[in-house]
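Undergrad: Enclosed is the structure file target-v8.cif (mmCIF, C-alpha atoms and all ligand atoms).
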data_entry
#
loop_
_atom_site.label_atom_id
_atom_site.label_comp_id
_atom_site.auth_asym_id
_atom_site.auth_seq_id
_atom_site.Cartn_x
_atom_site.Cartn_y
_atom_site.Cartn_z
CA MET R 1 -19.59 -13.61 -21.57
CA TRP R 2 -16.91 -12.97 -18.96
CA LYS R 3 -16.89 -9.25 -19.68
CA GLY R 4 -20.65 -9.20 -19.33
CA VAL R 5 -20.36 -10.75 -15.89
CA PHE R 6 -17.63 -8.31 -14.96
CA SER R 7 -19.70 -5.36 -16.08
CA PHE R 8 -22.56 -6.59 -13.92
CA MET R 9 -20.21 -6.94 -10.96
CA ILE R 10 -19.09 -3.35 -11.38
CA TYR R 11 -22.68 -2.24 -11.47
CA GLU R 12 -23.44 -4.17 -8.31
CA ARG R 13 -20.37 -2.95 -6.49
CA ASN R 14 -20.38 0.62 -7.58
CA SER R 15 -23.76 2.04 -6.88
CA LYS R 16 -22.54 5.55 -7.63
CA LYS R 17 -21.89 4.71 -11.31
CA GLU R 18 -24.65 3.99 -13.73
CA LEU R 19 -23.74 1.81 -16.66
CA VAL R 20 -25.56 2.83 -19.81
CA GLY R 21 -23.46 1.04 -22.44
CA GLY R 22 -21.33 3.98 -23.61
CA LYS R 23 -17.65 4.87 -23.48
CA GLU R 24 -17.72 5.22 -19.73
CA ASP R 25 -18.83 1.61 -19.43
CA MET R 26 -15.88 0.49 -21.54
CA ASP R 27 -13.54 2.63 -19.45
CA LEU R 28 -14.83 0.86 -16.36
CA ILE R 29 -14.48 -2.56 -17.96
CA ASN R 30 -10.95 -1.69 -19.13
CA ARG R 31 -9.78 -0.51 -15.77
CA LYS R 32 -6.43 -1.95 -14.73
CA LYS R 33 -6.92 -4.63 -12.10
CA LEU R 34 -5.25 -4.54 -8.71
CA ILE R 35 -4.82 -6.67 -5.62
CA ILE R 36 -3.84 -4.69 -2.53
CA ASP R 37 -2.01 -6.44 0.30
CA THR R 38 -2.12 -4.47 3.56
CA ASP R 39 -1.34 -4.50 7.28
CA CYS R 40 -3.94 -1.74 7.47
CA GLY R 41 -2.97 0.96 9.89
CA SER R 42 -3.82 4.61 9.53
CA ASP R 43 -1.70 5.46 6.50
CA ASP R 44 -2.82 2.28 4.74
CA ALA R 45 -6.42 3.42 5.34
CA MET R 46 -5.79 6.70 3.54
CA ALA R 47 -3.95 4.91 0.71
CA ILE R 48 -6.83 2.44 0.32
CA ALA R 49 -9.37 5.26 0.16
CA MET R 50 -7.26 6.94 -2.55
CA ALA R 51 -7.01 3.78 -4.64
CA LEU R 52 -10.75 3.11 -4.35
CA ASN R 53 -11.39 6.62 -5.67
CA ASP R 54 -9.17 6.31 -8.74
CA PRO R 55 -11.51 5.51 -11.65
CA ALA R 56 -8.65 4.13 -13.77
CA TYR R 57 -8.27 1.07 -11.52
CA GLU R 58 -10.40 -1.79 -10.25
CA ILE R 59 -9.33 -3.35 -6.96
CA LEU R 60 -10.32 -7.02 -7.16
CA PHE R 61 -9.85 -7.65 -3.45
CA PHE R 62 -7.68 -6.89 -0.45
CA VAL R 63 -5.51 -9.31 1.51
CA SER R 64 -4.47 -8.52 5.07
CA VAL R 65 -1.17 -9.34 6.73
CA SER R 66 0.14 -8.84 10.25
CA GLY R 67 2.34 -5.78 10.63
CA ASN R 68 1.10 -2.58 12.19
CA VAL R 69 -1.56 -4.76 13.85
CA GLU R 70 -2.61 -8.41 13.61
CA ALA R 71 -4.00 -9.60 10.28
CA GLU R 72 -7.57 -9.84 11.67
CA GLN R 73 -7.51 -6.25 12.88
CA ALA R 74 -5.85 -5.15 9.63
CA ALA R 75 -8.76 -6.72 7.74
CA ARG R 76 -11.30 -4.90 9.93
CA ASN R 77 -9.45 -1.62 9.42
CA THR R 78 -9.50 -2.22 5.66
CA LEU R 79 -13.29 -2.63 5.83
CA THR R 80 -13.55 0.66 7.71
CA ALA R 81 -11.47 2.40 5.03
CA ILE R 82 -13.66 0.90 2.29
CA GLU R 83 -16.81 2.19 3.99
CA TYR R 84 -15.39 5.71 4.31
CA ALA R 85 -14.05 5.67 0.73
CA GLY R 86 -17.67 5.52 -0.41
CA THR R 87 -17.20 3.91 -3.83
CA TYR R 88 -17.27 0.14 -4.43
CA GLU R 89 -16.62 -2.64 -1.93
CA PRO R 90 -14.07 -5.32 -2.91
CA PRO R 91 -13.83 -8.40 -0.67
CA VAL R 92 -11.27 -8.37 2.15
CA TYR R 93 -9.51 -11.66 2.93
CA ILE R 94 -7.19 -12.43 5.82
CA GLY R 95 -3.74 -13.66 4.77
CA THR R 96 -0.93 -14.76 7.04
CA ARG R 97 -0.98 -14.02 10.76
CA ARG R 98 2.71 -14.27 11.61
CA PRO R 99 6.03 -13.40 9.94
CA LEU R 100 8.00 -16.34 8.50
CA LEU R 101 10.56 -16.51 11.31
CA LYS R 102 10.63 -13.29 13.28
CA GLU R 103 8.49 -12.55 16.28
CA LEU R 104 5.71 -10.08 15.53
CA VAL R 105 6.25 -6.61 17.00
CA PHE R 106 3.42 -4.14 16.53
CA ALA R 107 3.58 -0.45 15.68
CA HIS R 108 1.13 0.64 18.37
CA GLU R 109 2.97 3.86 19.17
CA THR R 110 2.81 4.90 15.50
CA HIS R 111 -0.78 3.99 14.64
CA GLY R 112 -2.52 3.23 17.97
CA THR R 113 -3.45 -0.12 19.50
CA ASP R 114 -6.17 -0.62 16.88
CA GLY R 115 -3.95 0.76 14.09
CA MET R 116 -6.39 3.61 13.49
CA GLY R 117 -5.50 6.08 16.23
CA ASP R 118 -7.72 4.52 18.96
CA ILE R 119 -10.63 6.86 18.24
CA GLY R 120 -13.31 4.17 18.02
CA LEU R 121 -13.24 3.52 14.26
CA ALA R 122 -14.71 0.16 13.22
CA PRO R 123 -16.58 -1.20 10.21
CA ARG R 124 -20.28 -0.48 10.54
CA ARG R 125 -21.73 -2.64 7.81
CA ILE R 126 -19.42 -4.92 5.82
CA ASN R 127 -17.58 -8.07 6.94
CA VAL R 128 -14.39 -10.00 6.25
CA ALA R 129 -14.77 -12.52 3.40
CA ASP R 130 -14.23 -16.27 3.84
CA GLY R 131 -11.10 -17.88 2.48
CA ASN R 132 -7.35 -17.40 2.82
CA GLY R 133 -6.01 -14.29 1.11
CA VAL R 134 -2.80 -15.88 -0.18
CA MET R 135 -4.80 -18.62 -1.90
CA LYS R 136 -7.20 -16.06 -3.35
CA MET R 137 -4.25 -14.09 -4.73
CA LEU R 138 -2.83 -17.18 -6.41
CA ASP R 139 -6.24 -18.24 -7.76
CA ALA R 140 -6.80 -14.79 -9.28
CA LEU R 141 -3.36 -14.75 -10.89
CA ARG R 142 -3.74 -18.27 -12.30
CA ASP R 143 -7.01 -17.22 -13.94
CA SER R 144 -5.55 -13.95 -15.31
CA GLU R 145 -3.72 -13.01 -18.47
CA ASP R 146 0.00 -12.23 -18.15
CA GLY R 147 0.42 -8.78 -16.66
CA GLU R 148 -3.31 -8.28 -16.23
CA ILE R 149 -3.21 -7.79 -12.44
CA ASP R 150 -0.84 -5.50 -10.55
CA ILE R 151 -0.08 -6.11 -6.88
CA ILE R 152 0.43 -3.31 -4.38
CA ALA R 153 1.87 -4.33 -1.01
CA LEU R 154 1.53 -1.87 1.86
CA GLY R 155 2.77 -4.06 4.69
CA PRO R 156 5.37 -6.73 5.48
CA LEU R 157 5.92 -9.12 2.59
CA THR R 158 4.90 -12.37 4.31
CA ASN R 159 1.92 -13.05 2.01
CA LEU R 160 3.90 -12.37 -1.15
CA ALA R 161 6.82 -14.54 -0.03
CA ILE R 162 4.52 -17.46 0.75
CA ALA R 163 2.72 -16.99 -2.56
CA ILE R 164 6.08 -17.05 -4.38
CA ARG R 165 7.07 -20.26 -2.63
CA LEU R 166 3.67 -21.90 -3.25
CA ASP R 167 3.24 -21.07 -6.94
CA TYR R 168 5.98 -19.11 -8.61
CA GLU R 169 4.45 -19.52 -12.05
CA ALA R 170 1.22 -17.87 -10.88
CA MET R 171 3.13 -14.97 -9.32
CA LYS R 172 5.05 -14.50 -12.58
CA LYS R 173 1.73 -13.58 -14.19
CA ALA R 174 1.44 -10.48 -12.02
CA GLY R 175 2.11 -7.17 -13.76
CA ARG R 176 3.92 -4.71 -11.54
CA ILE R 177 4.57 -5.48 -7.89
CA VAL R 178 4.77 -2.14 -6.09
CA VAL R 179 5.80 -2.27 -2.43
CA MET R 180 5.88 0.35 0.30
CA GLY R 181 9.15 -0.82 1.78
CA THR R 182 12.83 -0.10 2.36
CA ALA R 183 14.39 3.12 3.61
CA GLY R 184 14.96 3.98 -0.06
CA LEU R 185 18.30 5.75 -0.24
CA GLY R 186 17.88 7.26 3.23
CA ALA R 187 17.80 6.30 6.90
CA GLY R 188 15.54 3.72 8.50
CA ASN R 189 12.52 4.38 10.69
CA VAL R 190 12.82 1.46 13.13
CA SER R 191 16.62 1.31 13.28
CA PRO R 192 19.40 3.37 11.71
CA VAL R 193 19.10 1.26 8.57
CA ALA R 194 15.75 -0.57 8.58
CA GLU R 195 12.27 0.48 7.52
CA PHE R 196 9.33 -1.10 9.35
CA ASN R 197 7.73 -3.23 6.59
CA ILE R 198 11.02 -4.89 5.66
CA TRP R 199 12.18 -5.23 9.27
CA GLN R 200 8.89 -6.82 10.38
CA ASP R 201 9.62 -9.79 8.10
CA ALA R 202 13.06 -9.44 6.55
CA GLU R 203 13.16 -13.10 5.52
CA ALA R 204 10.00 -12.56 3.47
CA ALA R 205 11.46 -9.40 1.95
CA LYS R 206 14.57 -11.37 1.01
CA ILE R 207 12.47 -13.98 -0.81
CA VAL R 208 10.57 -11.27 -2.71
CA THR R 209 13.70 -9.25 -3.53
CA GLU R 210 15.57 -12.29 -4.84
CA SER R 211 12.53 -13.78 -6.60
CA GLY R 212 13.39 -12.61 -10.10
CA LEU R 213 9.83 -11.35 -10.59
CA GLU R 214 9.68 -8.30 -12.87
CA PRO R 215 9.22 -5.52 -12.15
CA ILE R 216 9.37 -5.08 -8.38
CA ILE R 217 9.26 -1.44 -7.33
CA TYR R 218 10.05 -0.53 -3.74
CA VAL R 219 8.80 2.90 -2.75
CA GLY R 220 11.17 3.85 0.05
CA TRP R 221 10.25 5.69 3.23
CA ASP R 222 12.33 8.63 1.99
CA ALA R 223 9.83 9.14 -0.86
CA CYS R 224 7.24 10.49 1.60
CA LEU R 225 9.60 12.79 3.54
CA GLU R 226 10.66 16.42 3.21
CA GLU R 227 8.41 18.34 0.77
CA SER R 228 6.29 15.23 0.31
CA MET R 229 5.19 15.26 3.95
CA LEU R 230 1.77 16.77 4.49
CA ASN R 231 2.30 20.12 6.18
CA PRO R 232 -0.02 21.72 8.78
CA GLN R 233 -2.00 23.68 6.16
CA GLU R 234 -2.51 20.65 3.94
CA ILE R 235 -3.56 18.54 6.90
CA GLU R 236 -6.23 21.11 7.76
CA GLU R 237 -7.38 21.41 4.14
CA ILE R 238 -7.82 17.65 3.91
CA ARG R 239 -9.47 17.40 7.33
CA ASN R 240 -11.96 20.16 6.52
CA SER R 241 -12.85 18.81 3.06
CA GLY R 242 -15.53 16.37 4.21
CA GLU R 243 -16.10 13.04 5.92
CA LEU R 244 -13.42 11.14 3.95
CA GLY R 245 -10.79 13.84 4.48
CA LYS R 246 -11.59 14.04 8.18
CA PHE R 247 -11.36 10.25 8.49
CA SER R 248 -8.01 10.19 6.64
CA MET R 249 -6.45 12.74 8.99
CA ASP R 250 -8.10 11.76 12.29
CA CYS R 251 -7.02 8.11 12.08
CA ASN R 252 -3.41 9.35 11.81
CA ARG R 253 -3.64 11.02 15.24
CA CYS R 254 -0.90 8.89 16.88
CA LEU R 255 1.52 9.39 13.99
CA MET R 256 0.92 13.13 14.15
CA GLU R 257 1.74 13.15 17.87
CA MET R 258 4.91 11.16 17.27
CA ASN R 259 5.90 13.53 14.48
CA ARG R 260 5.58 16.58 16.71
CA GLU R 261 8.57 15.15 18.58
CA ARG R 262 10.32 13.81 15.51
CA PHE R 263 9.80 16.62 12.99
CA GLY R 264 8.94 19.52 15.31
CA GLY R 265 5.38 20.17 14.14
CA ASN R 266 2.16 18.84 12.65
CA TYR R 267 3.53 16.88 9.71
CA LEU R 268 2.48 13.56 8.25
CA ASP R 269 4.83 11.22 6.43
CA MET R 270 2.30 9.20 4.46
CA ALA R 271 4.28 6.15 3.36
CA ASP R 272 1.48 3.99 1.97
CA PRO R 273 -0.22 6.86 0.13
CA ALA R 274 3.19 7.55 -1.47
CA ALA R 275 3.37 3.95 -2.68
CA VAL R 276 -0.19 4.02 -4.02
CA ALA R 277 0.45 7.33 -5.79
CA ALA R 278 3.69 5.99 -7.32
CA ALA R 279 1.86 2.87 -8.49
CA LEU R 280 -1.33 4.44 -9.82
CA TYR R 281 -0.01 7.82 -10.93
CA PRO R 282 3.60 7.10 -11.99
CA GLU R 283 3.96 10.67 -13.28
CA CYS R 284 4.53 11.68 -9.66
CA MET R 285 7.75 9.68 -9.37
CA GLU R 286 10.85 11.89 -9.40
CA THR R 287 13.60 9.32 -8.79
CA CYS R 288 13.20 5.62 -9.48
CA HIS R 289 16.20 3.50 -10.48
CA LYS R 290 16.97 -0.18 -10.66
CA TYR R 291 19.69 -1.46 -8.34
CA TYR R 292 20.99 -4.74 -7.06
CA CYS R 293 19.52 -4.94 -3.56
CA GLU R 294 20.09 -7.37 -0.73
CA VAL R 295 18.06 -7.73 2.45
CA ASP R 296 20.04 -8.19 5.66
CA VAL R 297 18.60 -11.12 7.62
CA SER R 298 21.64 -11.53 9.88
CA ASP R 299 21.01 -11.61 13.61
CA GLY R 300 22.44 -8.20 14.44
CA PRO R 301 21.83 -4.48 14.52
CA SER R 302 21.29 -4.18 10.78
CA TYR R 303 18.51 -6.82 10.56
CA GLY R 304 15.93 -5.69 8.01
CA GLY R 305 18.23 -3.18 6.36
CA VAL R 306 18.31 -3.25 2.58
CA LEU R 307 21.70 -2.81 0.95
CA VAL R 308 21.19 -0.78 -2.19
CA ASP R 309 24.19 -1.25 -4.46
CA ARG R 310 24.15 2.20 -6.01
CA TYR R 311 27.70 2.02 -7.35
CA GLY R 312 27.77 -1.57 -8.56
CA PHE R 313 30.23 -2.96 -5.99
CA SER R 314 28.62 -6.40 -6.18
CA GLY R 315 28.94 -6.66 -9.93
CA LYS R 316 25.47 -8.23 -9.91
CA GLU R 317 22.58 -7.39 -12.18
CA PRO R 318 20.08 -4.92 -10.71
CA ASN R 319 17.05 -6.82 -9.40
CA VAL R 320 14.54 -4.27 -8.04
CA TYR R 321 13.58 -0.63 -8.51
CA ILE R 322 13.89 1.84 -5.66
CA CYS R 323 11.71 4.94 -5.84
CA SER R 324 13.31 7.36 -3.41
CA LYS R 325 11.70 10.68 -4.30
CA LEU R 326 8.33 11.93 -5.50
CA LYS R 327 7.41 15.14 -7.27
CA SER R 328 5.63 16.52 -4.25
CA ASP R 329 3.29 18.80 -6.21
CA LYS R 330 2.03 15.97 -8.41
CA TYR R 331 1.87 13.56 -5.47
CA LYS R 332 -0.22 15.97 -3.43
CA GLU R 333 -2.40 16.77 -6.42
CA TYR R 334 -3.15 13.03 -6.62
CA ILE R 335 -4.00 12.89 -2.91
CA TYR R 336 -6.33 15.86 -3.24
CA ARG R 337 -7.93 14.50 -6.40
CA THR R 338 -8.62 11.03 -5.02
CA LEU R 339 -9.79 12.23 -1.60
CA GLY R 340 -11.96 14.93 -3.17
CA VAL R 341 -10.14 17.87 -1.54
CA LYS R 342 -10.25 21.33 -3.09
CA LYS R 343 -7.05 23.35 -2.82
CA GLU R 344 -7.68 26.54 -0.90
CA ASN R 345 -6.21 29.73 -2.34
CA ASN R 346 -3.47 31.24 -0.26
CA CA W 1 1.15 -0.35 5.91
#
Translate the structure described by the file into C-alpha cells.

TA:
Amino acid sequence: MWKGVFSFMIYERNSKKELVGGKEDMDLINRKKLIIDTDCGSDDAMAIAMALNDPAYEILFFVSVSGNVEAEQAARNTLTAIEYAGTYEPPVYIGTRRPLLKELVFAHETHGTDGMGDIGLAPRRINVADGNGVMKMLDALRDSEDGEIDIIALGPLTNLAIAIRLDYEAMKKAGRIVVMGTAGLGAGNVSPVAEFNIWQDAEAAKIVTESGLEPIIYVGWDACLEESMLNPQEIEEIRNSGELGKFSMDCNRCLMEMNRERFGGNYLDMADPAAVAAALYPECMETCHKYYCEVDVSDGPSYGGVLVDRYGFSGKEPNVYICSKLKSDKYKEYIYRTLGVKKENN
C-alpha cells in the first residue's frame, strides 16, 4: 500500500518519467532517500541541481538554514535551483533562522546579497511549504526504517544540532550524515583555521560532532581545491551546455570574482557540489579517514576551527570521518553527468 502511494508520488513529481510497471519503476521506488539541509547560496544551488538529477536518489524534501543568507532567502534560492534542475519538485521547508549562540554574519561578498550572484534569480512558479523543517526532518526519520534516509547538510549545522537535542533516537535512525564542513586537513576560508559552515555556528557543529551518530562524514573545504576546482575551460563547457549549466555558473558570479583575486584566474571551488558528489558517488572520494575531532568554541581567534587529531594525541576514539581529497576526474565526471554537460574534445 505504502509503496503504491510512493510510486504515485514519484509519478506526480517527476513528469519526465513515465511509470509503466517495469524494472525502471522498481529502480525509482528503490531509490535511496535523502533529506538535504541547505543555506542555499550559489554553490548549494549547483549541488542541489546535481542531486535532483541523480536517478539513484530520491530527495524527500529540503530544509533551509541561515548561513550564506537568511533561512527564508535560502528557501527561495532552493526553489529556484529546483526549477532550473528540471526534474521533480520536493517540498522546501524553512528551518532555524539564527545560530544557537553566535551572531549571524552573512557571506554576501562570496555569493551576493541574495546568495545567487545578484543577477535577478528568483523562483518563478513554486513556493515554500508550510511547517518547520526541523520538525519535518524528525517526523520523517521517526516514520523511517533504520538507515533508510541519508542526510546531506550543506550549511551551518544549526538544524541538525537542534534535531539531535529534540529527539536523539529519531536522528539515530538516519543513515549517513554527510556535511560540507571543516577545513578538512587544510587551511580555513574565513580565518586561518575555520571554514565558513562550522564557524557560522560552531556550537551547533560541536553538538553534531560529539553526538555519537554514525557515520558522520565531513567533506572539508580542501576537497574542492586544487585539481578539483573548476578551471576556466570547464566553467565555459558547463556554461555553454544549456540552461541548467548556464544557471549553475552564472549564479556563482561573485565567487568567481573573489577567486580572481584569491586564485589568480577564473576558478571555482565548489564546496557543496563536492559534498554532494562524495555522498552520492562515493567512488570519487580519494582520501576519507576517521579521526577524533573537536570543534573550538572558545572566544578567540580559533573559534570555529576543527582540531583533527591525525596522530592520536588525545587518545580518544575517532568520532567523525574527514574527506579531504576527491579524485578530481571522477568528481568532475559526476558534475558533468548530473548537469547534462558533454565533455568537449581538446
Ligand atoms: Ca552551503

Undergrad: Return the single residue from R:Pro90, R:Gly41, R:Gly340, R:Gly95 that is closest to ligand CA 1 (chain W), with distances computed using only C-alpha atoms and all ligand atoms.

TA: R:Gly41

Undergrad: May I ask which of the residues R:Leu104, R:Ala49, R:Ala153, R:Leu79 is the closest one to ligand CA 1 (chain W), counting only C-alpha atoms and all ligand atoms?

TA: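 Looking only at the distances to ligand CA 1 (chain W), the closest residue turns out to be R:Ala153.
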
Undergrad: Check the smallest atom-to-atom distance from each of R:Glu145, R:Pro55, R:Asn132, R:Ala275 to ligand CA 1 (chain W) using all atoms listed in the file, then report the winner.

TA: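 Residue with the minimum atom-to-atom distance to ligand CA 1 (chain W): R:Ala275.
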
Undergrad: Give as a short mmCIF file (atom, residue, chain, number, x, y, z; two decimals) with C-alpha atoms, keeping the file's coordinate frame the residues surrounding ligand CA 1 (chain W) up to a distance of 6 Å, considering all atoms listed in the file.

TA:
data_model
loop_
_atom_site.label_atom_id
_atom_site.label_comp_id
_atom_site.auth_asym_id
_atom_site.auth_seq_id
_atom_site.Cartn_x
_atom_site.Cartn_y
_atom_site.Cartn_z
CA THR R 38 -2.12 -4.47 3.56
CA ASP R 39 -1.34 -4.50 7.28
CA CYS R 40 -3.94 -1.74 7.47
CA GLY R 41 -2.97 0.96 9.89
CA ASP R 44 -2.82 2.28 4.74
CA LEU R 154 1.53 -1.87 1.86
CA GLY R 155 2.77 -4.06 4.69
CA ASP R 272 1.48 3.99 1.97
#

Undergrad: Using all atoms listed in the file, pick whichever of R:Met285, R:Val193, R:Ala204, R:Ser144 has the shortest atom-to-atom distance to Ala161 of chain R.

TA: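 Closest residue, counting all atoms listed in the file: R:Ala204.
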
Undergrad: Smallest atom-to-atom distance to Glu227 of chain R: which of R:Leu255, R:Ile126, R:Leu326, R:Leu52, using all atoms listed in the file?

TA: R:Leu326

Undergrad: Work out how far apart atom CA of Gly186 of chain R and atom CA of Asp114 of chain R are and give it in Å to one decimal.

TA: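 Straight-line distance from atom CA of Gly186 of chain R to atom CA of Asp114 of chain R works out to 28.8 Å.
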
Undergrad: Write out as a ChimeraX atom specification which residues come within 7 Å of Trp221 of chain R when counting only C-alpha atoms, dropping same-chain ones fewer than 2 positions away.

TA: /R:181-184,219,223-224,271

Undergrad: With all atoms listed in the file as the counted atoms, please give the residues lying no more than 9 Å from segment 213-215 of chain R, apart from itself and same-chain residues fewer than 5 positions off, as a tab-separated table (two decimals) with C-alpha atoms, in the coordinates of the input.

TA:
chain	number	residue	atom	x	y	z
R	168	TYR	CA	5.98	-19.11	-8.61
R	171	MET	CA	3.13	-14.97	-9.32
R	172	LYS	CA	5.05	-14.50	-12.58
R	174	ALA	CA	1.44	-10.48	-12.02
R	175	GLY	CA	2.11	-7.17	-13.76
R	176	ARG	CA	3.92	-4.71	-11.54
R	177	ILE	CA	4.57	-5.48	-7.89
R	178	VAL	CA	4.77	-2.14	-6.09
R	208	VAL	CA	10.57	-11.27	-2.71
R	319	ASN	CA	17.05	-6.82	-9.40
R	320	VAL	CA	14.54	-4.27	-8.04
R	321	TYR	CA	13.58	-0.63	-8.51

Undergrad: Quick one: everything within 12 Å of Pro192 of chain R, counting all atoms listed in the file, minus sequence neighbours fewer than 6 positions away in the same chain. Send it as a PyMOL selection string.

TA: chain R and resi 182-183+186+199+301-306

Undergrad: How far is it from atom CA of Met229 of chain R to atom CA of Asp269 of chain R, in Å with one decimal?

TA: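 Between these atoms lies a distance of 4.8 Å.
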